[in-house]
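S.K.: Let me begin by handing over the structure; questions about it come next.
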Amino acid sequence: MFVFFLRRLLVAVPTLILISIFVFLLQQLLPGDPVLAMAGEDRDLATLAALRERYGLNETLPVQYWVWISAVLQGDFGTSIRSGEPILDLILQKLPVTLQLAAMSLAFAMLIGIPMGIVSAVNKGTKIDLAANVIALSGLSIPNFWLGIMLILLVSVRWQLFPASGYVPPSEDFWQSIRTMLMPSFVLGTGLAAALMRHTRSSMLEVLRQDYVRTARAKGLTERRVVLRHAFRNALTPIVTLTALLFGELVAGAVLTEQIFTIPGFGKLIVDAVFNRDYAVVQGVVLVTAFGFIFMNLLADMAYVLLNPRLRHAR
Amino acid sequence: MKKTLLLTALLSATALGAQASELKIGLESDPDALDPDKSRTFVGRIVFTSLCDKLVDITPELSIVPQLATAWETSDDGKALTMTLRDGVTFHDGTPFNAEAVKANIERSKTFDESVRKSELSSIDTVEVVDALTVKFNLSASDATLLAQLADRAGMMMAPSALSPDFASNPVCSGPFTLTERVSQDKIVLDKFAGYWNADAILLERVTLVMIPDSTVRLANLQSGDIQIVNQLSATDAAAVEGNARLRFANITGLGYQGLTFNGANGDKSNNPLGQNAKLREAFDLSIDRDAINQVVFNGLFTPASQPFTPASPYYNPDFPVIKRDIEAAKAILAEAGVQTPVKVQVQVPNTPVTLQLMQVIQSMVAEAGFEVELVSKEFATLIADASVGDFQISQQGWSGRVDPDGNIFGFVTTDAGFNDGKYSNAEVDRLLREARTISDPAARAERYKAATAILAVDRPLIYLYHLGWLYGLDAKVQGLTLYPDGMLRLEGVSVTE
């Protein structure tokens, strides 16, 4: 198992290097000049030249890349051109925010998606199944920004139940933190819940067809026990894998959700950095996100192996 | 159990929100570095207004009034400015404010490699400490714009004890509030500075600036009571605020403008009919109905414009009234010029909904005269980069405005100036505007500006469309807020009632 883990981790290194080069080059394709973008209304030509010099923007691309990547390998992500803050600090400051959003969204997605998938599979072809499918499709098709604005107008403005936007760290006020995050994580969670529901449903349908389920029923077990103990447990493996893989979608979804609810997380960091042509921030964030995604994939693979003993022996 | 906890949390949150000593302001974007020498953003200036006092300040009528300097005098030849400083002022760290501090600040602004204040203070040669509370600026040439510069970031005084390249991470000034916390892209928390020289006028204990880029969400936060002031309310939301008994709408005409810059001489793209022919630009100008634009796009809240100076400025010139639409005259000019209609032209426009709407309205207005406008919407950073290298025919751009008239005209129309994207060049305009910089007599300055404006009104290197208004949504509980044309929120005398 350890060797397997190590091998997969080593494979991730060239992937990360490729990603870093790709992101670096992609940014160069962006029109616009970072120094001009940051200069705003103080466009003094001598100052612009000095800033370009200071941030090494006059160097050739390979030199710029080399300077950046060799610093990153030593744990120095550089500083933000716009705010002057160290990028590592920014990343460490924003990462927990997005992780909290991701965790709560995932909780929403699982709480809604998995039970709905089970119910819909058990009642396949009935009106319940149809209703669950309609709900799932709505979850997939309602745009996040629309749902977000609607929730803000209804829940925050009309009913004044939750704050309209913002973020409170759990360390500062745990319940207030949960309250501020409820709406955004619900919005982000609904889309994922739909995917999870459909996946659970098909996985459950597959399992419910198996001989051992018929045997369990023949033994006279209650339907509840058959579904939850025998069928669901076996259907769980692919669901766990999918859940881990949803991490990528969560980060992508967080970009939009964080904009709507003004949550100072990874998504907002990267969007603002792109608009401000804050290259080093974009590179740092993408690199960390890519690493997170690779790591989650790795965890998923390992969970798969752990949950399915047959795979372990097949190795 | 959980329900009880949640209820307790809800109650405690409500109790916190009810404290009248705190004011929460919703800003439209995150400021950049909190270092007056590095700062480049408008929202950054709003933060500094509470954090860092300046040598002088302005009144709503744009007169210069004392802040950290109580009196000042310009020498007869205009080459020296002597300021008397306020006694008993301390910085947030308890160190004293004095002439040495002023000298250290100005010298840093002029020499720090990342300083963007250098051009604003370029006329200052040396700073002389006359005595502890008197400082003398020796100028290389008489500079009429200097006082106005000292009323903004260039005049903000930082504690010499805190001056380092990393000042922004722990800014120490002498303003009414100190920085307690900054979470980038989220909030800036300021607490009252007990040792402030004018502490009696500060009625708030805490000010929190919350960054909420989306204007709808910003308004929703005001409606839900999470914030008490919305900065940069969108014009279309004004009615919603006015219709809400718990809220109040406030606005004031700003110093800035929006306009269209023509490319007359910057690269190949200047070879277009409008770039080369001022008469065609006049026809274009005459086809625009500025009042209609104001009503349709801005709910009548902005001020139509045909000159760079706003009616709030003493330099506003009634001799150049807003150009009225005259479609027949525009058609006649086109016919006289003998050009083939439609005259095709491309306009670059920032990709925000409001500016797109603005340009679509103009597109249909000028079409009646015989112009076929193609709109190319660009993300802002791209737009300014393209404009500066001449990759445009017409660029829709604006300016947030400065107190001194020089800041609203010089950089845009003088030869090789930083914002002169169309590379307009006219020796007479250059001469007049350079002279206006050095004359301290307001009447004589106004004459130069009038003469330059008269030339520009014919040459039209850029045409002005409207002056921006600063629009605010306020909770009705906010009392005592005075609005200023520079769009800054000065919190002296501001309170939030229970």
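Ordering of the structure tokens sets the chain letters (A, B, ...); residue numbers start at 1 within each chain; ligands are numbered from 1 in the order shown.
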Would you kindly return, as a PyMOL selection string, each protein, DNA or RNA residue with an atom no farther than 12 Å from any atom of Val189 (chain B), considering only C-alpha atoms and excluding same-chain residues fewer than 4 positions away?
M.R.: chain B and resi 22-25+47+50-51+177-184+205-211
S.K.: For the selection just defined, write its residues with N, CA, C and O atoms to a file, as an mmCIF file, in the first residue's frame.
M.R.:
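Done, and the output landed in again24.cif:
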```
data_model
loop_
_atom_site.group_PDB
_atom_site.id
_atom_site.type_symbol
_atom_site.label_atom_id
_atom_site.label_comp_id
_atom_site.auth_asym_id
_atom_site.auth_seq_id
_atom_site.Cartn_x
_atom_site.Cartn_y
_atom_site.Cartn_z
ATOM 1 N N GLU B 22 -20.603 51.081 16.100
ATOM 2 C CA GLU B 22 -19.919 50.531 14.932
ATOM 3 C C GLU B 22 -20.641 50.891 13.640
ATOM 4 O O GLU B 22 -21.858 50.883 13.568
ATOM 5 N N LEU B 23 -19.836 51.200 12.619
ATOM 6 C CA LEU B 23 -20.391 51.502 11.306
ATOM 7 C C LEU B 23 -19.773 50.540 10.306
ATOM 8 O O LEU B 23 -18.559 50.346 10.293
ATOM 9 N N LYS B 24 -20.629 49.916 9.490
ATOM 10 C CA LYS B 24 -20.110 49.026 8.454
ATOM 11 C C LYS B 24 -20.403 49.616 7.083
ATOM 12 O O LYS B 24 -21.535 49.975 6.778
ATOM 13 N N ILE B 25 -19.347 49.702 6.281
ATOM 14 C CA ILE B 25 -19.455 50.318 4.956
ATOM 15 C C ILE B 25 -19.146 49.268 3.898
ATOM 16 O O ILE B 25 -18.137 48.566 4.001
ATOM 17 N N VAL B 47 -10.136 54.271 2.475
ATOM 18 C CA VAL B 47 -9.594 53.723 3.722
ATOM 19 C C VAL B 47 -8.674 54.752 4.377
ATOM 20 O O VAL B 47 -8.762 55.023 5.572
ATOM 21 N N SER B 50 -9.873 57.643 6.690
ATOM 22 C CA SER B 50 -10.078 57.393 8.119
ATOM 23 C C SER B 50 -8.779 57.067 8.844
ATOM 24 O O SER B 50 -8.703 57.162 10.054
ATOM 25 N N LEU B 51 -7.783 56.656 8.086
ATOM 26 C CA LEU B 51 -6.558 56.135 8.692
ATOM 27 C C LEU B 51 -5.441 57.190 8.784
ATOM 28 O O LEU B 51 -4.739 57.260 9.782
ATOM 29 N N PHE B 177 -8.715 56.941 13.004
ATOM 30 C CA PHE B 177 -8.845 55.512 13.293
ATOM 31 C C PHE B 177 -7.513 54.792 13.069
ATOM 32 O O PHE B 177 -6.697 55.220 12.262
ATOM 33 N N THR B 178 -7.336 53.690 13.797
ATOM 34 C CA THR B 178 -6.141 52.867 13.597
ATOM 35 C C THR B 178 -6.558 51.550 12.948
ATOM 36 O O THR B 178 -7.700 51.119 13.092
ATOM 37 N N LEU B 179 -5.613 50.931 12.257
ATOM 38 C CA LEU B 179 -5.918 49.653 11.609
ATOM 39 C C LEU B 179 -5.860 48.533 12.649
ATOM 40 O O LEU B 179 -4.847 48.351 13.314
ATOM 41 N N THR B 180 -6.966 47.804 12.774
ATOM 42 C CA THR B 180 -7.008 46.692 13.722
ATOM 43 C C THR B 180 -6.802 45.370 13.001
ATOM 44 O O THR B 180 -6.078 44.497 13.446
ATOM 45 N N GLU B 181 -7.453 45.244 11.839
ATOM 46 C CA GLU B 181 -7.348 43.979 11.124
ATOM 47 C C GLU B 181 -7.601 44.198 9.642
ATOM 48 O O GLU B 181 -8.433 45.019 9.263
ATOM 49 N N ARG B 182 -6.839 43.474 8.821
ATOM 50 C CA ARG B 182 -7.158 43.466 7.400
ATOM 51 C C ARG B 182 -7.156 42.037 6.916
ATOM 52 O O ARG B 182 -6.164 41.326 7.059
ATOM 53 N N VAL B 183 -8.282 41.597 6.358
ATOM 54 C CA VAL B 183 -8.340 40.301 5.702
ATOM 55 C C VAL B 183 -8.565 40.625 4.234
ATOM 56 O O VAL B 183 -9.612 41.153 3.866
ATOM 57 N N SER B 184 -7.547 40.355 3.394
ATOM 58 C CA SER B 184 -7.653 40.822 2.018
ATOM 59 C C SER B 184 -8.864 40.211 1.339
ATOM 60 O O SER B 184 -9.239 39.075 1.597
ATOM 61 N N GLU B 205 -16.851 54.117 17.455
ATOM 62 C CA GLU B 205 -15.742 53.391 18.068
ATOM 63 C C GLU B 205 -15.046 52.501 17.043
ATOM 64 O O GLU B 205 -13.862 52.229 17.134
ATOM 65 N N ARG B 206 -15.821 52.006 16.088
ATOM 66 C CA ARG B 206 -15.256 51.062 15.119
ATOM 67 C C ARG B 206 -15.878 51.258 13.739
ATOM 68 O O ARG B 206 -17.083 51.481 13.621
ATOM 69 N N VAL B 207 -15.053 51.172 12.725
ATOM 70 C CA VAL B 207 -15.538 51.230 11.348
ATOM 71 C C VAL B 207 -15.035 49.978 10.630
ATOM 72 O O VAL B 207 -13.843 49.681 10.666
ATOM 73 N N THR B 208 -15.949 49.234 10.038
ATOM 74 C CA THR B 208 -15.546 48.057 9.278
ATOM 75 C C THR B 208 -15.878 48.291 7.814
ATOM 76 O O THR B 208 -17.019 48.608 7.467
ATOM 77 N N LEU B 209 -14.863 48.169 6.974
ATOM 78 C CA LEU B 209 -15.073 48.308 5.536
ATOM 79 C C LEU B 209 -15.141 46.907 4.957
ATOM 80 O O LEU B 209 -14.189 46.132 5.087
ATOM 81 N N VAL B 210 -16.270 46.569 4.368
ATOM 82 C CA VAL B 210 -16.477 45.221 3.847
ATOM 83 C C VAL B 210 -16.441 45.281 2.329
ATOM 84 O O VAL B 210 -17.096 46.121 1.726
ATOM 85 N N MET B 211 -15.649 44.406 1.706
ATOM 86 C CA MET B 211 -15.548 44.428 0.241
ATOM 87 C C MET B 211 -16.627 43.545 -0.374
ATOM 88 O O MET B 211 -16.623 42.330 -0.165
#
```
S.K.: Can you work out which residues from chain A touch chain B at a cut-off of 7 Å (counting only C-alpha atoms) and hand them back as a PyMOL selection string?
M.R.: chain A and resi 31-33+36-37+39-45+47+51+82-84+153+156-157+160+163-164+175-176+262+264
S.K.: Please compute the CA of Ile58 (chain B)-CA of Arg153 (chain B) distance, one decimal, in Å.
M.R.: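 Value for the CA of Ile58 (chain B)-CA of Arg153 (chain B) distance: 12.8 Å.
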S.K.: With DSSP run on the backbone, what are the alpha helix (DSSP H) residues within region 58-300 of chain A? I'd like them as a PyMOL selection string.
M.R.: chain A and resi 61-73+87-122+127-141+144-151+174-208+211-218+223-225+233-260+266-275+279-300
S.K.: Could you give me, as a VMD selection string, the residues within 8 Å of region 7-13 of chain A, counting only C-alpha atoms and dropping anything in the same chain fewer than 3 positions from it?
M.R.: chain A and resid 3 to 4 16 to 17 294 298
S.K.: Just to be explicit: take each residue in the selection above, keep N, CA and C atoms, and write the result as a JSON list (two decimals), in the first residue's frame.
M.R.:
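File result-v6.json, as written:
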```json
[["chain", "number", "residue", "atom", "x", "y", "z"],
["A", 3, "VAL", "N", 3.98, 1.51, -0.94],
["A", 3, "VAL", "CA", 4.70, 1.62, -2.22],
["A", 3, "VAL", "C", 3.79, 2.20, -3.28],
["A", 4, "PHE", "N", 2.55, 1.72, -3.27],
["A", 4, "PHE", "CA", 1.54, 2.19, -4.21],
["A", 4, "PHE", "C", 1.37, 3.71, -4.07],
["A", 16, "LEU", "N", 2.67, 18.05, -12.13],
["A", 16, "LEU", "CA", 2.69, 19.39, -11.54],
["A", 16, "LEU", "C", 3.60, 20.32, -12.32],
["A", 17, "ILE", "N", 4.75, 19.80, -12.76],
["A", 17, "ILE", "CA", 5.67, 20.65, -13.53],
["A", 17, "ILE", "C", 5.01, 21.08, -14.84],
["A", 294, "ILE", "N", -4.79, 16.44, -7.44],
["A", 294, "ILE", "CA", -4.02, 15.19, -7.60],
["A", 294, "ILE", "C", -4.07, 14.38, -6.31],
["A", 298, "LEU", "N", -5.67, 10.68, -5.59],
["A", 298, "LEU", "CA", -4.86, 9.64, -4.97],
["A", 298, "LEU", "C", -5.62, 9.03, -3.80]]
```
S.K.: Contacts of Gln357 (chain B) at 12 Å or less, counting only C-alpha atoms, minus same-chain residues fewer than 3 places along, as a list in words?
M.R.: Ile293, Asn294, Val296, Val297, Phe298, Val349, Pro350, Asn351, Thr352, Pro353, Val354, Gln360, Val361, Ile362, Gln363, Ser364, Leu375 and Ser377 of chain B
S.K.: Kindly indicate which residue among A:Leu106, A:Val213, A:Ala121, A:Ala193 lies nearest to Ala231 (chain A), using only C-alpha atoms for the distances.
M.R.: A:Val213
S.K.: For a test of reading the model, state the distance in Å between CA of Met104 (chain A) and CA of Ile239 (chain A), rounded to one decimal.
M.R.: 17.6 Å
S.K.: Within 7 Å of Thr257 (chain A), counting only C-alpha atoms, which residues show up once you throw out same-chain ones fewer than 6 positions away? Write them as a PyMOL selection string, please.
M.R.: chain A and resi 144+184+188
S.K.: Just the residues within 12 Å of Asp285 (chain B), please, counting only C-alpha atoms, with nothing from its chain fewer than 5 positions along; format it as a PyMOL selection string.
M.R.: chain B and resi 259-262+274+278-280+290+305-306+322-327+329-331+333+362-363+365-366+369+371+457-465
S.K.: Residues near Gly265 (chain A), anyone? I mean within 12 Å using only C-alpha atoms, not counting same-chain ones fewer than 6 positions away, as a VMD selection string.
M.R.: (chain A and resid 90 to 102 166 to 169 181 251 253 to 259 271 to 272 285) or (chain B and resid 183 to 186)
S.K.: Which residue, A:Val134, A:Leu269, A:Val281, A:Val122, has the smallest gap to Arg209 (chain A) when you use only C-alpha atoms?
M.R.: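 Once distances to Arg209 (chain A) are computed over only C-alpha atoms, the minimum belongs to A:Val122.
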S.K.: Considering only C-alpha atoms, can you say which of B:Asp53, B:Asp191, B:Asp237, B:Glu498 comes closest to Gln479 (chain B)?
M.R.: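 The answer is B:Glu498, which sits nearest to Gln479 (chain B).
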S.K.: Which residue, B:Ile252, B:Ala240, B:Ala265, B:Leu27, has the smallest gap to Tyr424 (chain B) when you use only C-alpha atoms?
M.R.: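 Among B:Ile252, B:Ala240, B:Ala265, B:Leu27, it is B:Ala265 that comes nearest to Tyr424 (chain B).
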